[in-house]
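The file query06.tsv comes next; it holds TSV, N, CA and C atoms and all ligand atoms.
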chain	number	residue	atom	x	y	z
A	1	MET	N	-127.08	-49.54	-8.23
A	1	MET	CA	-127.89	-49.38	-9.44
A	1	MET	C	-128.27	-47.92	-9.65
A	2	MET	N	-128.36	-47.52	-10.85
A	2	MET	CA	-128.69	-46.13	-11.15
A	2	MET	C	-130.18	-45.88	-10.94
A	3	PRO	N	-130.50	-44.79	-10.29
A	3	PRO	CA	-131.93	-44.48	-10.13
A	3	PRO	C	-132.59	-44.41	-11.51
A	4	ARG	N	-133.82	-44.84	-11.56
A	4	ARG	CA	-134.49	-44.95	-12.84
A	4	ARG	C	-134.59	-43.59	-13.55
A	5	ARG	N	-134.83	-42.57	-12.76
A	5	ARG	CA	-135.00	-41.23	-13.32
A	5	ARG	C	-133.72	-40.75	-14.04
A	6	LEU	N	-132.59	-41.09	-13.40
A	6	LEU	CA	-131.31	-40.70	-13.99
A	6	LEU	C	-131.07	-41.42	-15.31
A	7	THR	N	-131.38	-42.70	-15.32
A	7	THR	CA	-131.23	-43.49	-16.55
A	7	THR	C	-132.04	-42.85	-17.66
A	8	PHE	N	-133.26	-42.46	-17.30
A	8	PHE	CA	-134.15	-41.87	-18.29
A	8	PHE	C	-133.55	-40.57	-18.85
A	9	LEU	N	-133.04	-39.74	-17.95
A	9	LEU	CA	-132.46	-38.47	-18.39
A	9	LEU	C	-131.25	-38.71	-19.28
A	10	LEU	N	-130.47	-39.72	-18.92
A	10	LEU	CA	-129.27	-40.04	-19.69
A	10	LEU	C	-129.68	-40.45	-21.11
A	11	LEU	N	-130.68	-41.33	-21.21
A	11	LEU	CA	-131.14	-41.78	-22.52
A	11	LEU	C	-131.66	-40.59	-23.32
A	12	LEU	N	-132.38	-39.74	-22.64
A	12	LEU	CA	-132.96	-38.58	-23.29
A	12	LEU	C	-131.87	-37.70	-23.90
A	13	SER	N	-130.81	-37.46	-23.13
A	13	SER	CA	-129.76	-36.57	-23.63
A	13	SER	C	-128.99	-37.24	-24.77
A	14	LEU	N	-128.84	-38.55	-24.71
A	14	LEU	CA	-128.16	-39.24	-25.81
A	14	LEU	C	-128.98	-39.14	-27.09
A	15	ALA	N	-130.29	-39.30	-26.95
A	15	ALA	CA	-131.16	-39.26	-28.11
A	15	ALA	C	-131.15	-37.86	-28.73
A	16	ALA	N	-130.93	-36.84	-27.89
A	16	ALA	CA	-130.99	-35.47	-28.39
A	16	ALA	C	-129.72	-35.08	-29.12
A	17	LEU	N	-128.65	-35.82	-28.92
A	17	LEU	CA	-127.37	-35.42	-29.51
A	17	LEU	C	-127.36	-35.22	-31.02
A	18	PRO	N	-127.80	-36.22	-31.79
A	18	PRO	CA	-127.71	-36.04	-33.24
A	18	PRO	C	-128.51	-34.83	-33.70
A	19	ALA	N	-129.69	-34.61	-33.12
A	19	ALA	CA	-130.52	-33.49	-33.52
A	19	ALA	C	-129.79	-32.18	-33.25
A	20	GLN	N	-129.14	-32.12	-32.08
A	20	GLN	CA	-128.40	-30.90	-31.73
A	20	GLN	C	-127.26	-30.66	-32.71
A	21	ALA	N	-126.57	-31.74	-33.05
A	21	ALA	CA	-125.46	-31.61	-33.98
A	21	ALA	C	-125.96	-31.08	-35.32
A	22	SER	N	-127.13	-31.54	-35.75
A	22	SER	CA	-127.65	-31.11	-37.04
A	22	SER	C	-128.13	-29.67	-37.00
A	23	SER	N	-128.70	-29.24	-35.88
A	23	SER	CA	-129.15	-27.85	-35.84
A	23	SER	C	-127.93	-26.93	-35.85
A	24	GLN	N	-126.83	-27.39	-35.24
A	24	GLN	CA	-125.58	-26.62	-35.30
A	24	GLN	C	-125.05	-26.59	-36.73
A	25	LEU	N	-125.18	-27.72	-37.41
A	25	LEU	CA	-124.74	-27.81	-38.80
A	25	LEU	C	-125.53	-26.83	-39.67
A	26	ALA	N	-126.84	-26.76	-39.42
A	26	ALA	CA	-127.69	-25.84	-40.18
A	26	ALA	C	-127.25	-24.39	-39.96
A	27	LEU	N	-126.88	-24.09	-38.72
A	27	LEU	CA	-126.37	-22.75	-38.41
A	27	LEU	C	-125.06	-22.50	-39.14
A	28	ASP	N	-124.13	-23.47	-39.01
A	28	ASP	CA	-122.81	-23.33	-39.61
A	28	ASP	C	-122.89	-23.16	-41.12
A	29	LYS	N	-123.83	-23.87	-41.74
A	29	LYS	CA	-123.91	-23.87	-43.20
A	29	LYS	C	-124.75	-22.72	-43.74
A	30	GLY	N	-125.23	-21.88	-42.84
A	30	GLY	CA	-125.95	-20.68	-43.28
A	30	GLY	C	-127.37	-20.93	-43.75
A	31	CYS	N	-127.94	-22.06	-43.39
A	31	CYS	CA	-129.31	-22.36	-43.83
A	31	CYS	C	-130.29	-21.27	-43.40
A	32	TYR	N	-130.03	-20.71	-42.20
A	32	TYR	CA	-130.98	-19.73	-41.67
A	32	TYR	C	-130.84	-18.35	-42.35
A	33	ASN	N	-129.80	-18.18	-43.15
A	33	ASN	CA	-129.71	-16.92	-43.90
A	33	ASN	C	-130.93	-16.75	-44.79
A	34	CYS	N	-131.42	-17.86	-45.31
A	34	CYS	CA	-132.62	-17.78	-46.16
A	34	CYS	C	-133.84	-18.43	-45.50
A	35	HIS	N	-133.62	-19.49	-44.73
A	35	HIS	CA	-134.75	-20.22	-44.14
A	35	HIS	C	-135.02	-19.80	-42.70
A	36	GLY	N	-134.58	-18.59	-42.32
A	36	GLY	CA	-134.81	-18.13	-40.95
A	36	GLY	C	-136.18	-17.49	-40.80
A	37	GLU	N	-136.36	-16.80	-39.70
A	37	GLU	CA	-137.61	-16.04	-39.47
A	37	GLU	C	-137.28	-14.56	-39.40
A	38	PRO	N	-137.73	-13.74	-40.31
A	38	PRO	CA	-138.53	-14.13	-41.48
A	38	PRO	C	-137.64	-14.73	-42.57
A	39	PRO	N	-138.17	-15.63	-43.38
A	39	PRO	CA	-137.38	-16.22	-44.47
A	39	PRO	C	-137.07	-15.16	-45.53
A	40	ARG	N	-136.00	-15.38	-46.26
A	40	ARG	CA	-135.62	-14.43	-47.31
A	40	ARG	C	-135.47	-15.12	-48.66
A	41	ARG	N	-135.40	-14.33	-49.68
A	41	ARG	CA	-135.16	-14.83	-51.05
A	41	ARG	C	-136.16	-15.90	-51.47
A	42	ASN	N	-137.42	-15.69	-51.15
A	42	ASN	CA	-138.47	-16.63	-51.56
A	42	ASN	C	-138.29	-18.03	-50.99
A	43	ALA	N	-137.52	-18.15	-49.95
A	43	ALA	CA	-137.33	-19.47	-49.36
A	43	ALA	C	-138.42	-19.71	-48.32
A	44	PRO	N	-138.84	-20.96	-48.18
A	44	PRO	CA	-139.76	-21.28	-47.08
A	44	PRO	C	-139.00	-21.23	-45.76
A	45	GLY	N	-139.65	-20.87	-44.68
A	45	GLY	CA	-139.01	-20.89	-43.36
A	45	GLY	C	-138.71	-22.32	-42.94
A	46	MET	N	-137.79	-22.48	-41.98
A	46	MET	CA	-137.40	-23.82	-41.54
A	46	MET	C	-138.60	-24.59	-40.98
A	47	ALA	N	-139.47	-23.89	-40.23
A	47	ALA	CA	-140.64	-24.56	-39.65
A	47	ALA	C	-141.58	-25.03	-40.77
A	48	GLN	N	-141.68	-24.21	-41.82
A	48	GLN	CA	-142.52	-24.59	-42.96
A	48	GLN	C	-141.95	-25.83	-43.65
A	49	LEU	N	-140.63	-25.84	-43.83
A	49	LEU	CA	-139.98	-27.01	-44.44
A	49	LEU	C	-140.24	-28.26	-43.62
A	50	ALA	N	-140.12	-28.11	-42.28
A	50	ALA	CA	-140.33	-29.27	-41.40
A	50	ALA	C	-141.77	-29.76	-41.53
A	51	THR	N	-142.72	-28.84	-41.63
A	51	THR	CA	-144.12	-29.24	-41.80
A	51	THR	C	-144.30	-29.99	-43.12
A	52	ASP	N	-143.70	-29.46	-44.18
A	52	ASP	CA	-143.80	-30.12	-45.49
A	52	ASP	C	-143.17	-31.51	-45.47
A	53	TYR	N	-142.02	-31.61	-44.81
A	53	TYR	CA	-141.26	-32.85	-44.87
A	53	TYR	C	-141.72	-33.89	-43.85
A	54	ALA	N	-142.62	-33.51	-42.95
A	54	ALA	CA	-143.13	-34.46	-41.96
A	54	ALA	C	-143.75	-35.68	-42.65
A	55	ARG	N	-144.23	-35.47	-43.87
A	55	ARG	CA	-144.86	-36.60	-44.57
A	55	ARG	C	-143.88	-37.70	-44.94
A	56	TYR	N	-142.58	-37.41	-44.85
A	56	TYR	CA	-141.57	-38.44	-45.17
A	56	TYR	C	-141.16	-39.26	-43.96
A	57	ARG	N	-141.73	-38.96	-42.80
A	57	ARG	CA	-141.36	-39.72	-41.60
A	57	ARG	C	-141.62	-41.20	-41.80
A	58	GLY	N	-140.67	-42.01	-41.36
A	58	GLY	CA	-140.85	-43.46	-41.47
A	58	GLY	C	-140.41	-44.02	-42.81
A	59	GLN	N	-140.03	-43.17	-43.76
A	59	GLN	CA	-139.51	-43.66	-45.04
A	59	GLN	C	-137.99	-43.67	-44.98
A	60	ALA	N	-137.42	-44.86	-44.88
A	60	ALA	CA	-135.99	-44.99	-44.61
A	60	ALA	C	-135.14	-44.32	-45.69
A	61	ASP	N	-135.59	-44.34	-46.92
A	61	ASP	CA	-134.74	-43.81	-48.00
A	61	ASP	C	-134.99	-42.34	-48.28
A	62	ALA	N	-135.93	-41.72	-47.57
A	62	ALA	CA	-136.29	-40.33	-47.87
A	62	ALA	C	-135.13	-39.35	-47.67
A	63	PRO	N	-134.38	-39.43	-46.55
A	63	PRO	CA	-133.30	-38.44	-46.37
A	63	PRO	C	-132.29	-38.48	-47.52
A	64	ARG	N	-131.92	-39.66	-47.96
A	64	ARG	CA	-130.97	-39.79	-49.06
A	64	ARG	C	-131.54	-39.22	-50.36
A	65	ARG	N	-132.79	-39.58	-50.64
A	65	ARG	CA	-133.44	-39.12	-51.87
A	65	ARG	C	-133.55	-37.59	-51.89
A	66	LEU	N	-134.03	-37.03	-50.77
A	66	LEU	CA	-134.22	-35.58	-50.69
A	66	LEU	C	-132.88	-34.87	-50.76
A	67	ALA	N	-131.85	-35.48	-50.16
A	67	ALA	CA	-130.52	-34.87	-50.17
A	67	ALA	C	-129.98	-34.82	-51.60
A	68	ASP	N	-130.12	-35.91	-52.32
A	68	ASP	CA	-129.64	-35.94	-53.71
A	68	ASP	C	-130.33	-34.85	-54.52
A	69	LYS	N	-131.63	-34.73	-54.32
A	69	LYS	CA	-132.42	-33.76	-55.07
A	69	LYS	C	-131.98	-32.33	-54.73
A	70	LEU	N	-131.78	-32.09	-53.43
A	70	LEU	CA	-131.42	-30.73	-53.01
A	70	LEU	C	-130.06	-30.33	-53.55
A	71	ARG	N	-129.10	-31.25	-53.48
A	71	ARG	CA	-127.73	-30.93	-53.92
A	71	ARG	C	-127.67	-30.74	-55.42
A	72	GLU	N	-128.52	-31.45	-56.12
A	72	GLU	CA	-128.55	-31.36	-57.57
A	72	GLU	C	-129.08	-29.99	-58.01
A	73	GLY	N	-130.08	-29.50	-57.29
A	73	GLY	CA	-130.67	-28.22	-57.64
A	73	GLY	C	-131.64	-28.37	-58.80
A	74	GLY	N	-132.39	-27.32	-59.06
A	74	GLY	CA	-133.33	-27.36	-60.17
A	74	GLY	C	-132.71	-26.66	-61.36
A	75	LEU	N	-133.41	-26.69	-62.45
A	75	LEU	CA	-132.94	-26.07	-63.68
A	75	LEU	C	-132.69	-24.57	-63.45
A	76	PHE	N	-133.61	-23.94	-62.70
A	76	PHE	CA	-133.52	-22.49	-62.51
A	76	PHE	C	-133.21	-22.13	-61.07
A	77	ALA	N	-132.97	-23.13	-60.26
A	77	ALA	CA	-132.73	-22.84	-58.84
A	77	ALA	C	-131.40	-23.43	-58.41
A	78	HIS	N	-130.33	-22.73	-58.74
A	78	HIS	CA	-129.03	-23.19	-58.26
A	78	HIS	C	-128.69	-22.41	-57.01
A	79	ILE	N	-128.68	-23.09	-55.89
A	79	ILE	CA	-128.43	-22.44	-54.63
A	79	ILE	C	-127.14	-23.00	-54.05
A	80	ALA	N	-126.12	-22.16	-54.00
A	80	ALA	CA	-124.78	-22.62	-53.60
A	80	ALA	C	-124.81	-23.32	-52.25
A	81	ALA	N	-125.57	-22.75	-51.29
A	81	ALA	CA	-125.61	-23.34	-49.95
A	81	ALA	C	-126.14	-24.77	-49.99
A	82	HIS	N	-127.01	-25.08	-50.94
A	82	HIS	CA	-127.51	-26.46	-51.09
A	82	HIS	C	-126.45	-27.33	-51.74
A	83	GLU	N	-125.86	-26.81	-52.82
A	83	GLU	CA	-125.01	-27.65	-53.66
A	83	GLU	C	-123.63	-27.89	-53.06
A	84	ARG	N	-123.23	-27.01	-52.15
A	84	ARG	CA	-121.92	-27.16	-51.50
A	84	ARG	C	-121.90	-28.25	-50.44
A	85	LEU	N	-123.09	-28.70	-49.98
A	85	LEU	CA	-123.14	-29.69	-48.90
A	85	LEU	C	-122.58	-31.03	-49.37
A	86	SER	N	-121.89	-31.73	-48.48
A	86	SER	CA	-121.47	-33.08	-48.82
A	86	SER	C	-122.71	-33.96	-48.74
A	87	PRO	N	-122.68	-35.13	-49.41
A	87	PRO	CA	-123.84	-36.03	-49.34
A	87	PRO	C	-124.21	-36.36	-47.90
A	88	GLU	N	-123.18	-36.57	-47.05
A	88	GLU	CA	-123.45	-36.95	-45.66
A	88	GLU	C	-124.09	-35.80	-44.88
A	89	GLU	N	-123.53	-34.59	-45.07
A	89	GLU	CA	-124.10	-33.43	-44.38
A	89	GLU	C	-125.55	-33.22	-44.80
A	90	CYS	N	-125.77	-33.31	-46.09
A	90	CYS	CA	-127.09	-33.01	-46.62
A	90	CYS	C	-128.10	-34.05	-46.12
A	91	GLU	N	-127.67	-35.31	-46.11
A	91	GLU	CA	-128.57	-36.36	-45.64
A	91	GLU	C	-128.91	-36.16	-44.16
A	92	ALA	N	-127.90	-35.78	-43.37
A	92	ALA	CA	-128.15	-35.54	-41.94
A	92	ALA	C	-129.14	-34.38	-41.77
A	93	LEU	N	-128.99	-33.34	-42.59
A	93	LEU	CA	-129.89	-32.19	-42.49
A	93	LEU	C	-131.31	-32.56	-42.92
A	94	MET	N	-131.43	-33.38	-43.97
A	94	MET	CA	-132.77	-33.79	-44.42
A	94	MET	C	-133.45	-34.62	-43.34
A	95	ARG	N	-132.68	-35.51	-42.69
A	95	ARG	CA	-133.24	-36.34	-41.61
A	95	ARG	C	-133.72	-35.44	-40.47
A	96	TRP	N	-132.90	-34.43	-40.18
A	96	TRP	CA	-133.23	-33.50	-39.10
A	96	TRP	C	-134.51	-32.70	-39.43
A	97	ILE	N	-134.64	-32.26	-40.66
A	97	ILE	CA	-135.83	-31.50	-41.05
A	97	ILE	C	-137.07	-32.40	-41.00
A	98	ILE	N	-136.92	-33.64	-41.50
A	98	ILE	CA	-138.04	-34.58	-41.47
A	98	ILE	C	-138.52	-34.79	-40.03
A	99	GLU	N	-137.56	-34.79	-39.10
A	99	GLU	CA	-137.91	-35.02	-37.69
A	99	GLU	C	-138.35	-33.74	-36.98
A	100	GLY	N	-138.48	-32.64	-37.70
A	100	GLY	CA	-139.06	-31.44	-37.11
A	100	GLY	C	-138.14	-30.24	-37.02
A	101	ALA	N	-136.85	-30.39	-37.41
A	101	ALA	CA	-135.90	-29.27	-37.44
A	101	ALA	C	-135.81	-28.53	-36.11
A	102	LYS	N	-135.76	-29.29	-35.01
A	102	LYS	CA	-135.67	-28.66	-33.70
A	102	LYS	C	-134.20	-28.52	-33.26
A	201	LIG	C1	-129.42	-18.29	-50.55
A	201	LIG	C2	-130.64	-18.71	-49.89
A	201	LIG	C3	-130.70	-20.13	-49.33
A	201	LIG	C4	-129.86	-20.73	-48.45
A	201	LIG	C5	-128.61	-20.15	-47.79
A	201	LIG	C6	-130.40	-22.06	-48.21
A	201	LIG	N1	-131.54	-22.24	-48.94
A	201	LIG	FE1	-132.72	-23.89	-48.96
A	201	LIG	N2	-133.97	-23.01	-50.33
A	201	LIG	C7	-133.83	-21.72	-50.80
A	201	LIG	C8	-134.93	-21.43	-51.73
A	201	LIG	C9	-135.14	-20.12	-52.47
A	201	LIG	C10	-135.73	-22.59	-51.76
A	201	LIG	C11	-137.01	-22.79	-52.55
A	201	LIG	C12	-136.73	-23.01	-54.00
A	201	LIG	C13	-136.29	-24.39	-54.26
A	201	LIG	O1	-136.97	-25.34	-53.83
A	201	LIG	O2	-135.27	-24.58	-54.95
A	201	LIG	C14	-135.11	-23.56	-50.88
A	201	LIG	C15	-135.59	-24.82	-50.65
A	201	LIG	C16	-135.07	-25.70	-49.71
A	201	LIG	C17	-135.64	-26.98	-49.41
A	201	LIG	C18	-136.88	-27.59	-50.09
A	201	LIG	C19	-136.48	-28.23	-51.39
A	201	LIG	C20	-137.65	-28.95	-52.02
A	201	LIG	O3	-137.86	-28.74	-53.21
A	201	LIG	O4	-138.33	-29.71	-51.34
A	201	LIG	C21	-134.86	-27.55	-48.44
A	201	LIG	C22	-135.06	-28.90	-47.77
A	201	LIG	C23	-133.82	-26.61	-48.14
A	201	LIG	N3	-133.96	-25.50	-48.94
A	201	LIG	C24	-132.82	-26.82	-47.21
A	201	LIG	C25	-131.75	-25.97	-46.98
A	201	LIG	C26	-130.67	-26.25	-46.08
A	201	LIG	C27	-130.55	-27.53	-45.25
A	201	LIG	C28	-129.82	-25.20	-46.12
A	201	LIG	C29	-128.51	-25.04	-45.42
A	201	LIG	C30	-127.45	-25.93	-45.86
A	201	LIG	C31	-130.38	-24.23	-47.06
A	201	LIG	N4	-131.55	-24.74	-47.57
A	201	LIG	C32	-129.82	-23.01	-47.37
A	201	LIG	C33	-132.84	-20.82	-50.48
A	201	LIG	C34	-131.77	-21.08	-49.63
Encoded form using structure tokens:
Amino acid sequence: MMPRRLTFLLLLSLAALPAQASSQLALDKGCYNCHGEPPRRNAPGMAQLATDYARYRGQADAPRRLADKLREGGLFAHIAAHERLSPEECEALMRWIIEGAK
């Protein structure tokens, strides 16, 4: 039988996988070009976004809704890095930000 501690570590690393994949995605997609520290181009920093989006925790449809909104852009805010994301990528990133963007 596997020692309990090992099982725990294994579960922990499995749970961390999706978050890690999303933080890599954020890097790959250039999110930190504007949402880094310090943020640029009037963008909120990633930590600020995570604080704002924490209120969506537990809302199952929030990642999809926020992703649709982000990809659509605003009337005066067309940001290529937002609009180029696929629905799946964007939803994964929104879920990641809601969970703290770690
Ligand atoms: C060229 C600069 C730039 C890049 C690159 C960029 N953003 Fe943004 N982002 C902004 C600006 C500026 C705002 C604030 C204005 C707005 O809300 O449209 C913003 C707002 C946001 C918001 C808040 C939207 C809202 O209204 O609640 C989220 C979430 C976000 N960005 C995610 C991302 C993600 C994920 C990436 C990477 C795929 C990314 N951004 C890349 C400039 C950028």
Problem set entry | Test item: residues lying within 7 Å of ligand LIG 201 (chain A) with all atoms listed in the file, as an NGL selection string | :A and (25-27 or 29-35 or 40-44 or 49 or 69-70 or 73-74 or 76-82 or 85 or 90 or 93-94)
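You will find CA of Ala60 in chain A at 16.9 Å from CA of Ala19 in chain A.
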Using 8 Å as the limit and counting all atoms listed in the file, can you tabulate each residue of range 43-88 of chain A that touches range 95-100 of chain A, with its shortest atom-to-atom distance in Å and the two atoms involved, as a tab-separated table?
residue	atom	partner	partner_atom	distance
A:Met46	C	A:Gly100	C	6.9
A:Ala47	CA	A:Gly100	C	6.7
A:Leu49	C	A:Ile97	C	5.8
A:Ala50	CA	A:Ile97	C	4.5
A:Thr51	N	A:Gly100	CA	6.4
A:Asp52	C	A:Ile98	CA	7.2
A:Tyr53	C	A:Ile98	CA	4.4
A:Ala54	N	A:Ile98	CA	4.9
A:Arg55	N	A:Ile98	CA	6.7
A:Tyr56	C	A:Ile98	CA	6.2
A:Arg57	N	A:Ile98	CA	5.9
A:Gly58	N	A:Ile98	C	7.6
A:Ala62	C	A:Arg95	N	6.7
A:Pro63	CA	A:Arg95	N	4.7
A:Arg64	N	A:Arg95	N	6.8
A:Ala67	N	A:Arg95	N	7.5
Exercise. Between A:Glu72, A:Ala21, A:Gln48, A:Pro39, which is the closest to Ala92 in chain A once you count all atoms listed in the file?
Worked result: A:Ala21
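Of the residues listed (A:Ser86, A:Ala101, A:Arg4, A:Gln59), A:Ser86 shows the shortest atom-to-atom separation from Arg71 in chain A; distances use only C-alpha atoms.
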Put the listed atoms of range 61-77 of chain A in a box along x, y and z with 3 Å added on every side and give me the centre and edge lengths in Å to one decimal, as lines of an AutoDock Vina configuration file.
center_x = -132.0
center_y = -33.2
center_z = -55.0
size_x = 14.6
size_y = 28.2
size_z = 23.3
How about completing range 91-100 of chain A with all heavy atoms and giving it to me as a PDB file, in the coordinates of the input?
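Output saved as part_3.pdb:
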ATOM      1  N   GLU A  91    -127.670 -35.310 -46.110  1.00  0.00           N
ATOM      2  CA  GLU A  91    -128.570 -36.360 -45.640  1.00  0.00           C
ATOM      3  C   GLU A  91    -128.910 -36.160 -44.160  1.00  0.00           C
ATOM      4  O   GLU A  91    -130.063 -36.317 -43.758  1.00  0.00           O
ATOM      5  CB  GLU A  91    -127.916 -37.733 -45.854  1.00  0.00           C
ATOM      6  CG  GLU A  91    -128.919 -38.852 -45.830  1.00  0.00           C
ATOM      7  CD  GLU A  91    -128.284 -40.221 -46.096  1.00  0.00           C
ATOM      8  OE1 GLU A  91    -127.283 -40.281 -46.840  1.00  0.00           O
ATOM      9  OE2 GLU A  91    -128.787 -41.198 -45.530  1.00  0.00           O
ATOM     10  N   ALA A  92    -127.900 -35.780 -43.370  1.00  0.00           N
ATOM     11  CA  ALA A  92    -128.150 -35.540 -41.940  1.00  0.00           C
ATOM     12  C   ALA A  92    -129.140 -34.380 -41.770  1.00  0.00           C
ATOM     13  O   ALA A  92    -130.051 -34.442 -40.933  1.00  0.00           O
ATOM     14  CB  ALA A  92    -126.841 -35.224 -41.223  1.00  0.00           C
ATOM     15  N   LEU A  93    -128.990 -33.340 -42.590  1.00  0.00           N
ATOM     16  CA  LEU A  93    -129.890 -32.190 -42.490  1.00  0.00           C
ATOM     17  C   LEU A  93    -131.310 -32.560 -42.920  1.00  0.00           C
ATOM     18  O   LEU A  93    -132.285 -32.128 -42.311  1.00  0.00           O
ATOM     19  CB  LEU A  93    -129.354 -31.032 -43.323  1.00  0.00           C
ATOM     20  CG  LEU A  93    -128.132 -30.328 -42.714  1.00  0.00           C
ATOM     21  CD1 LEU A  93    -127.471 -29.403 -43.722  1.00  0.00           C
ATOM     22  CD2 LEU A  93    -128.521 -29.546 -41.467  1.00  0.00           C
ATOM     23  N   MET A  94    -131.430 -33.380 -43.970  1.00  0.00           N
ATOM     24  CA  MET A  94    -132.770 -33.790 -44.420  1.00  0.00           C
ATOM     25  C   MET A  94    -133.450 -34.620 -43.340  1.00  0.00           C
ATOM     26  O   MET A  94    -134.628 -34.449 -43.062  1.00  0.00           O
ATOM     27  CB  MET A  94    -132.686 -34.597 -45.728  1.00  0.00           C
ATOM     28  CG  MET A  94    -132.182 -33.819 -46.923  1.00  0.00           C
ATOM     29  SD  MET A  94    -133.088 -32.301 -47.269  1.00  0.00           S
ATOM     30  CE  MET A  94    -131.969 -31.091 -46.622  1.00  0.00           C
ATOM     31  N   ARG A  95    -132.680 -35.510 -42.690  1.00  0.00           N
ATOM     32  CA  ARG A  95    -133.240 -36.340 -41.610  1.00  0.00           C
ATOM     33  C   ARG A  95    -133.720 -35.440 -40.470  1.00  0.00           C
ATOM     34  O   ARG A  95    -134.794 -35.643 -39.921  1.00  0.00           O
ATOM     35  CB  ARG A  95    -132.169 -37.321 -41.117  1.00  0.00           C
ATOM     36  CG  ARG A  95    -132.697 -38.330 -40.128  1.00  0.00           C
ATOM     37  CD  ARG A  95    -131.686 -39.433 -39.869  1.00  0.00           C
ATOM     38  NE  ARG A  95    -131.477 -40.290 -41.026  1.00  0.00           N
ATOM     39  CZ  ARG A  95    -130.301 -40.506 -41.619  1.00  0.00           C
ATOM     40  NH1 ARG A  95    -129.216 -39.943 -41.141  1.00  0.00           N
ATOM     41  NH2 ARG A  95    -130.211 -41.280 -42.668  1.00  0.00           N
ATOM     42  N   TRP A  96    -132.900 -34.430 -40.180  1.00  0.00           N
ATOM     43  CA  TRP A  96    -133.230 -33.500 -39.100  1.00  0.00           C
ATOM     44  C   TRP A  96    -134.510 -32.700 -39.430  1.00  0.00           C
ATOM     45  O   TRP A  96    -135.375 -32.516 -38.571  1.00  0.00           O
ATOM     46  CB  TRP A  96    -132.030 -32.571 -38.900  1.00  0.00           C
ATOM     47  CG  TRP A  96    -132.229 -31.428 -37.976  1.00  0.00           C
ATOM     48  CD1 TRP A  96    -132.375 -31.485 -36.615  1.00  0.00           C
ATOM     49  CD2 TRP A  96    -132.277 -30.045 -38.342  1.00  0.00           C
ATOM     50  NE1 TRP A  96    -132.513 -30.205 -36.116  1.00  0.00           N
ATOM     51  CE2 TRP A  96    -132.456 -29.317 -37.149  1.00  0.00           C
ATOM     52  CE3 TRP A  96    -132.168 -29.356 -39.549  1.00  0.00           C
ATOM     53  CZ2 TRP A  96    -132.545 -27.927 -37.132  1.00  0.00           C
ATOM     54  CZ3 TRP A  96    -132.253 -27.971 -39.547  1.00  0.00           C
ATOM     55  CH2 TRP A  96    -132.435 -27.274 -38.343  1.00  0.00           C
ATOM     56  N   ILE A  97    -134.640 -32.260 -40.660  1.00  0.00           N
ATOM     57  CA  ILE A  97    -135.830 -31.500 -41.050  1.00  0.00           C
ATOM     58  C   ILE A  97    -137.070 -32.400 -41.000  1.00  0.00           C
ATOM     59  O   ILE A  97    -138.113 -31.989 -40.491  1.00  0.00           O
ATOM     60  CB  ILE A  97    -135.658 -30.867 -42.453  1.00  0.00           C
ATOM     61  CG1 ILE A  97    -134.556 -29.797 -42.413  1.00  0.00           C
ATOM     62  CG2 ILE A  97    -136.967 -30.243 -42.935  1.00  0.00           C
ATOM     63  CD1 ILE A  97    -134.197 -29.209 -43.772  1.00  0.00           C
ATOM     64  N   ILE A  98    -136.920 -33.640 -41.500  1.00  0.00           N
ATOM     65  CA  ILE A  98    -138.040 -34.580 -41.470  1.00  0.00           C
ATOM     66  C   ILE A  98    -138.520 -34.790 -40.030  1.00  0.00           C
ATOM     67  O   ILE A  98    -139.706 -34.902 -39.763  1.00  0.00           O
ATOM     68  CB  ILE A  98    -137.637 -35.933 -42.112  1.00  0.00           C
ATOM     69  CG1 ILE A  98    -137.459 -35.753 -43.620  1.00  0.00           C
ATOM     70  CG2 ILE A  98    -138.671 -37.013 -41.814  1.00  0.00           C
ATOM     71  CD1 ILE A  98    -136.842 -36.951 -44.331  1.00  0.00           C
ATOM     72  N   GLU A  99    -137.560 -34.790 -39.100  1.00  0.00           N
ATOM     73  CA  GLU A  99    -137.910 -35.020 -37.690  1.00  0.00           C
ATOM     74  C   GLU A  99    -138.350 -33.740 -36.980  1.00  0.00           C
ATOM     75  O   GLU A  99    -138.498 -33.732 -35.762  1.00  0.00           O
ATOM     76  CB  GLU A  99    -136.744 -35.667 -36.947  1.00  0.00           C
ATOM     77  CG  GLU A  99    -136.412 -37.090 -37.395  1.00  0.00           C
ATOM     78  CD  GLU A  99    -137.619 -38.021 -37.315  1.00  0.00           C
ATOM     79  OE1 GLU A  99    -138.438 -37.870 -36.378  1.00  0.00           O
ATOM     80  OE2 GLU A  99    -137.760 -38.892 -38.194  1.00  0.00           O
ATOM     81  N   GLY A 100    -138.480 -32.640 -37.700  1.00  0.00           N
ATOM     82  CA  GLY A 100    -139.060 -31.440 -37.110  1.00  0.00           C
ATOM     83  C   GLY A 100    -138.140 -30.240 -37.020  1.00  0.00           C
ATOM     84  O   GLY A 100    -138.538 -29.173 -36.564  1.00  0.00           O
TER      85      GLY A 100
END
